[in-house]
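Visitor: Just one file: input.csv, with CSV, C-alpha atoms and all ligand atoms.
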```csv
chain,number,residue,atom,x,y,z
A,1,MET,CA,110.9,18.1,-87.4
A,2,SER,CA,110.9,20.0,-90.8
A,3,ARG,CA,114.2,21.2,-92.3
A,4,LEU,CA,112.9,24.7,-91.6
A,5,ASP,CA,112.4,24.0,-87.9
A,6,SER,CA,115.8,22.4,-87.7
A,7,PHE,CA,117.4,25.4,-89.4
A,8,ILE,CA,115.7,27.8,-87.0
A,9,ARG,CA,116.7,25.8,-84.0
A,10,ARG,CA,120.3,25.6,-85.1
A,11,MET,CA,120.4,29.4,-85.6
A,12,GLN,CA,118.8,30.0,-82.2
A,13,ALA,CA,121.4,27.7,-80.6
A,14,GLN,CA,124.2,29.5,-82.4
A,15,ARG,CA,123.0,32.9,-81.3
A,16,ASP,CA,122.4,31.8,-77.7
A,17,CYS,CA,125.9,30.2,-77.5
A,18,LEU,CA,127.5,33.4,-79.0
A,19,ASN,CA,125.6,35.6,-76.5
A,20,TRP,CA,126.7,33.4,-73.6
A,21,ALA,CA,130.3,33.2,-74.7
A,22,ALA,CA,130.5,37.0,-75.4
A,23,GLY,CA,129.4,37.5,-71.8
A,24,GLN,CA,132.3,35.3,-70.6
A,25,VAL,CA,135.0,37.2,-72.6
A,26,ARG,CA,133.8,40.8,-72.2
A,27,GLY,CA,136.2,41.4,-69.4
A,28,MET,CA,139.1,39.4,-71.0
A,29,ALA,CA,141.7,41.1,-73.2
A,30,GLY,CA,142.5,39.5,-76.5
A,31,PRO,CA,141.1,39.2,-80.0
A,32,ILE,CA,138.1,37.3,-81.3
A,33,LEU,CA,138.3,35.0,-84.2
A,34,GLU,CA,135.4,34.3,-86.7
A,35,ILE,CA,136.2,31.2,-88.7
A,36,GLY,CA,133.9,31.2,-91.8
A,37,LEU,CA,132.5,34.6,-92.7
A,38,GLY,CA,129.7,33.3,-95.0
A,39,ASN,CA,127.2,36.1,-95.5
A,40,GLY,CA,128.5,37.8,-92.3
A,41,ARG,CA,125.5,37.1,-90.0
A,42,THR,CA,127.5,35.9,-87.0
A,43,TYR,CA,130.4,38.3,-87.6
A,44,ASP,CA,127.8,41.1,-87.5
A,45,HIS,CA,126.4,39.7,-84.3
A,46,LEU,CA,129.8,39.4,-82.6
A,47,ARG,CA,130.6,43.0,-83.6
A,48,GLU,CA,127.3,44.1,-81.9
A,49,LEU,CA,128.0,42.0,-78.8
A,50,LEU,CA,131.6,43.0,-78.4
A,51,PRO,CA,131.9,46.6,-79.9
A,52,GLY,CA,135.4,47.9,-80.3
A,53,ARG,CA,137.1,44.5,-80.1
A,54,ASP,CA,139.5,43.2,-82.8
A,55,ILE,CA,137.6,40.5,-84.7
A,56,HIS,CA,139.8,38.5,-87.1
A,57,VAL,CA,137.9,36.7,-89.8
A,58,PHE,CA,138.9,33.7,-91.9
A,59,GLU,CA,137.2,33.0,-95.2
A,60,ARG,CA,138.4,31.6,-98.5
A,61,GLU,CA,136.1,33.7,-100.6
A,62,VAL,CA,134.3,36.8,-99.4
A,63,ARG,CA,130.6,36.8,-100.4
A,64,ALA,CA,129.2,38.5,-97.4
A,65,HIS,CA,126.6,41.3,-97.3
A,66,PRO,CA,128.5,44.5,-98.1
A,67,ASP,CA,127.8,45.9,-94.6
A,68,CYS,CA,129.5,42.8,-93.1
A,69,VAL,CA,132.8,42.7,-94.8
A,70,PRO,CA,135.6,43.0,-92.3
A,71,PRO,CA,138.4,45.5,-92.9
A,72,ALA,CA,141.3,44.1,-94.9
A,73,HIS,CA,143.7,44.1,-92.0
A,74,HIS,CA,141.3,41.8,-90.0
A,75,LEU,CA,140.7,39.4,-92.9
A,76,PHE,CA,142.7,36.1,-93.4
A,77,LEU,CA,141.7,35.4,-96.9
A,78,GLY,CA,142.2,31.9,-98.3
A,79,ASP,CA,142.0,28.3,-97.1
A,80,VAL,CA,142.1,28.0,-93.3
A,81,ARG,CA,144.6,25.2,-93.6
A,82,GLU,CA,147.1,27.9,-94.7
A,83,GLN,CA,145.6,30.9,-93.0
A,84,LEU,CA,145.4,29.4,-89.4
A,85,PRO,CA,149.1,28.7,-89.3
A,86,ARG,CA,149.8,32.2,-90.7
A,87,ALA,CA,147.5,33.7,-88.0
A,88,THR,CA,149.3,31.7,-85.3
A,89,ARG,CA,152.6,33.3,-86.4
A,90,MET,CA,151.1,36.7,-86.2
A,91,LEU,CA,148.8,36.4,-83.1
A,92,GLY,CA,150.1,33.5,-81.1
A,93,ARG,CA,147.9,32.0,-78.4
A,94,SER,CA,146.0,35.2,-77.8
A,95,ALA,CA,142.4,34.7,-78.9
A,96,VAL,CA,139.8,34.8,-76.0
A,97,LEU,CA,136.9,33.6,-78.2
A,98,ILE,CA,136.9,31.6,-81.4
A,99,HIS,CA,133.7,31.0,-83.3
A,100,SER,CA,134.1,28.2,-85.8
A,101,ASP,CA,131.4,27.9,-88.4
A,102,LEU,CA,132.9,25.9,-91.3
A,103,GLY,CA,131.6,22.8,-92.8
A,104,THR,CA,128.7,21.7,-94.8
A,105,GLY,CA,125.9,19.1,-94.5
A,106,ASP,CA,128.4,16.4,-95.2
A,107,HIS,CA,128.8,14.8,-91.8
A,108,ALA,CA,131.8,12.6,-92.8
A,109,ALA,CA,133.7,15.5,-94.3
A,110,ASN,CA,133.0,17.6,-91.2
A,111,MET,CA,134.3,14.9,-88.9
A,112,GLU,CA,137.5,14.6,-91.0
A,113,MET,CA,137.9,18.4,-90.8
A,114,GLY,CA,137.5,18.3,-87.1
A,115,THR,CA,140.7,16.2,-86.7
A,116,TRP,CA,142.9,19.0,-88.0
A,117,LEU,CA,140.8,22.0,-87.2
A,118,GLY,CA,140.7,21.6,-83.4
A,119,PRO,CA,144.5,21.4,-83.1
A,120,ALA,CA,145.0,24.3,-85.5
A,121,LEU,CA,142.6,26.5,-83.5
A,122,ASP,CA,144.2,25.4,-80.3
A,123,GLN,CA,147.4,27.2,-81.4
A,124,LEU,CA,145.5,30.5,-81.4
A,125,LEU,CA,143.5,30.1,-78.2
A,126,ALA,CA,144.6,31.9,-75.0
A,127,PRO,CA,144.6,30.0,-71.7
A,128,GLY,CA,141.0,30.2,-70.4
A,129,GLY,CA,139.7,31.2,-73.9
A,130,TYR,CA,136.4,29.9,-75.3
A,131,VAL,CA,135.5,28.1,-78.5
A,132,VAL,CA,132.0,28.1,-79.9
A,133,ALA,CA,131.7,25.6,-82.7
A,134,ASN,CA,129.2,24.1,-85.1
A,135,GLN,CA,130.8,20.7,-84.8
A,136,PRO,CA,132.5,18.7,-82.1
A,137,LEU,CA,136.3,19.4,-81.8
A,138,ASP,CA,138.5,17.1,-79.8
A,139,VAL,CA,141.4,18.9,-78.2
A,140,ALA,CA,143.0,17.5,-75.0
A,141,ARG,CA,143.6,21.0,-73.5
A,142,TRP,CA,139.9,22.0,-73.9
A,143,ILE,CA,137.0,21.2,-71.6
A,144,ARG,CA,133.6,20.7,-73.1
A,145,LEU,CA,131.1,23.0,-71.4
A,146,PRO,CA,127.4,22.5,-71.1
A,147,GLU,CA,125.1,24.3,-73.4
A,148,PRO,CA,123.5,27.5,-72.1
A,149,ASP,CA,119.9,27.2,-70.8
A,150,GLY,CA,117.4,26.4,-73.5
A,151,VAL,CA,120.0,25.1,-76.0
A,152,PRO,CA,119.4,21.5,-76.9
A,153,LYS,CA,122.4,19.2,-76.3
A,154,ASP,CA,124.8,18.6,-79.2
A,155,ARG,CA,123.3,21.3,-81.4
A,156,TYR,CA,126.3,23.6,-80.9
A,157,PHE,CA,129.5,23.0,-79.0
A,158,LEU,CA,131.2,25.0,-76.3
A,159,TYR,CA,134.7,24.6,-75.0
A,160,ARG,CA,137.1,26.4,-72.7
A,161,ALA,CA,140.9,26.0,-72.8
A,162,ALA,CA,142.6,25.0,-69.6
A,201,LIG,N1,129.1,32.2,-89.8
A,201,LIG,C1,128.6,32.5,-91.2
A,201,LIG,C2,127.3,33.4,-91.1
A,201,LIG,O1,126.7,33.5,-90.0
A,201,LIG,O2,127.0,34.0,-92.1
A,201,LIG,C3,128.3,31.3,-92.0
A,201,LIG,C4,129.5,30.6,-92.4
A,201,LIG,S1,129.3,29.4,-93.6
A,201,LIG,C5,128.4,28.1,-92.8
A,201,LIG,C6,130.9,28.6,-93.8
A,201,LIG,C7,131.9,29.5,-94.5
A,201,LIG,O3,133.1,28.9,-94.4
A,201,LIG,C8,131.6,29.7,-96.0
A,201,LIG,O4,131.6,31.0,-96.4
A,201,LIG,C9,132.9,29.0,-96.7
A,201,LIG,O5,133.3,29.7,-97.8
A,201,LIG,C10,133.9,29.1,-95.5
A,201,LIG,N2,134.8,28.0,-95.6
A,201,LIG,C11,134.5,26.6,-95.6
A,201,LIG,N3,135.7,25.9,-95.6
A,201,LIG,C12,136.7,26.8,-95.7
A,201,LIG,C13,138.1,26.7,-95.7
A,201,LIG,N4,138.7,25.4,-95.7
A,201,LIG,N5,138.9,27.8,-95.7
A,201,LIG,C14,138.3,29.0,-95.6
A,201,LIG,N6,137.0,29.2,-95.6
A,201,LIG,C15,136.2,28.1,-95.6
```
Starting from the file, give its structure as structure tokens.
Ligand code: SAM

Guide:
Amino acid sequence: MSRLDSFIRRMQAQRDCLNWAAGQVRGMAGPILEIGLGNGRTYDHLRELLPGRDIHVFEREVRAHPDCVPPAHHLFLGDVREQLPRATRMLGRSAVLIHSDLGTGDHAANMEMGTWLGPALDQLLAPGGYVVANQPLDVARWIRLPEPDGVPKDRYFLYRAA
């Protein structure tokens, strides 16, 4: 498979998982967290899927498309290692959906990040809340969910908190 094909399939899996998870949380009260704004594609998609909801965004340096920059009061600007604990103090375990899209093509670095990222996100996740992630995250309280129809296994990762 070419790198282009692989990229397209990853984006399709990401979109399909976000669409599915948004359907699960539409009736649940609580904020949404977008971890990694990037150029704002998935933030924009979440805004469209869940209009009117509070979406808190984490990013160390905003370089998004100008239309996709969150309002300052919904932006946790800086390294997530510092901003996630800050958000926990402000929001507690209230998020009903967390989309985590950090990391790079460096598999070993991503795996190392997963060891602290999962537990840090867990402090923000409401009971019964959902996590959609671009990498595996191992948290005892979370149950791994099967991919939605049409999404290949292990391309994107879905969890629900007990
Ligand atoms: N979801 C985005 C989209 O659809 O456009 C793409 C996100 S991009 C893959 C990952 C983003 O995470 C980058 O913008 C990067 O700056 C940010 N990031 C990576 N590590 C971070 C960290 N430790 N703290 C804060 N932001 C980080």

Visitor: Edge lengths and centre in Å to one decimal, as AutoDock Vina command-line options, is what I'm after for the box along x, y and z that holds all listed atoms of ligand LIG 201 (chain A) once 5 Å is added on each side.

Guide:
```
--center_x 132.8 --center_y 29.7 --center_z -93.8 --size_x 22.2 --size_y 18.6 --size_z 18.0
```

Visitor: Could you list, as a ChimeraX atom specification, all residues that come within 8 Å of ligand LIG 201 (chain A)? Count only C-alpha atoms and all ligand atoms.

Guide: /A:34-43,58-64,77-81,83,100-104

Visitor: Please tabulate, as CSV, the residues of region 46-73 of chain A that come within 10 Å of region 16-19 of chain A, each with its closest pair of atoms and the distance in Å to one decimal, counting all atoms listed in the file and ordering rows by chain, then residue number upward.

Guide:
```
residue,atom,partner,partner_atom,distance
A:Leu46,CA,A:Leu18,CA,7.4
A:Leu49,CA,A:Asn19,CA,7.2
A:Leu50,CA,A:Asn19,CA,9.7
```

Visitor: May I have the residues within 10 Å of Pro119 (chain A) as a ChimeraX atom specification, using all atoms listed in the file and disregarding those fewer than 6 positions away in the same chain?

Guide: /A:137-141

Visitor: Go ahead and dump the residues you just picked, C-alpha atoms, as a short mmCIF file (atom, residue, chain, number, x, y, z; two decimals), in the coordinates of the input.

Guide:
```
data_model
loop_
_atom_site.label_atom_id
_atom_site.label_comp_id
_atom_site.auth_asym_id
_atom_site.auth_seq_id
_atom_site.Cartn_x
_atom_site.Cartn_y
_atom_site.Cartn_z
CA LEU A 137 136.30 19.40 -81.80
CA ASP A 138 138.50 17.10 -79.80
CA VAL A 139 141.40 18.90 -78.20
CA ALA A 140 143.00 17.50 -75.00
CA ARG A 141 143.60 21.00 -73.50
#
```

Visitor: Find the residue from A:Arg93, A:Arg15, A:His99, A:Arg160 that sits nearest to Val57 (chain A); use all atoms listed in the file when measuring.

Guide: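 Closest to Val57 (chain A), using all atoms listed in the file: A:His99.
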
Visitor: Could you name the residues that touch Trp20 (chain A) at 12 Å or less, counting only C-alpha atoms, but leaving out those on the same chain fewer than 5 positions away, as number ranges by chain?

Guide: A: 13-15, 25-26, 46, 49-50, 97, 130-132, 145-151, 158-159

Visitor: In Å, rounded to a single decimal, give me how far CA of Ala108 (chain A) is from CA of Pro136 (chain A).

Guide: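 Between CA of Pro136 (chain A) and CA of Ala108 (chain A) the gap works out to 12.3 Å.
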
Visitor: Let me make sure I understand: among A:Ala162, A:Ile143, A:Ala133, A:Val96, which one has the smallest atom-to-atom distance to Arg10 (chain A) if we use only C-alpha atoms?

Guide: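 The closest residue to Arg10 (chain A) is A:Ala133.
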
Visitor: Can you tell me how far CA of Leu125 (chain A) sits from CA of Ser94 (chain A), in Å to one decimal?

Guide: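 Separation between CA of Leu125 (chain A) and CA of Ser94 (chain A): 5.7 Å.
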
Visitor: Using all atoms listed in the file, determine which residues lie at most 8 Å from Ala87 (chain A), disregarding the query and same-chain residues fewer than 4 positions distant; provide the list as an MDAnalysis selection string.

Guide: chainID A and resid 76 83 91:92 124

Visitor: Could the residues in this selection be saved with C-alpha atoms as a PDB file, keeping the file's coordinate frame?

Guide:
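Listed below is the output, out-v3.pdb:
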```pdb
ATOM      1  CA  PHE A  76     142.700  36.100 -93.400  1.00  0.00           C
ATOM      2  CA  GLN A  83     145.600  30.900 -93.000  1.00  0.00           C
ATOM      3  CA  LEU A  91     148.800  36.400 -83.100  1.00  0.00           C
ATOM      4  CA  GLY A  92     150.100  33.500 -81.100  1.00  0.00           C
ATOM      5  CA  LEU A 124     145.500  30.500 -81.400  1.00  0.00           C
TER       6      LEU A 124
END
```
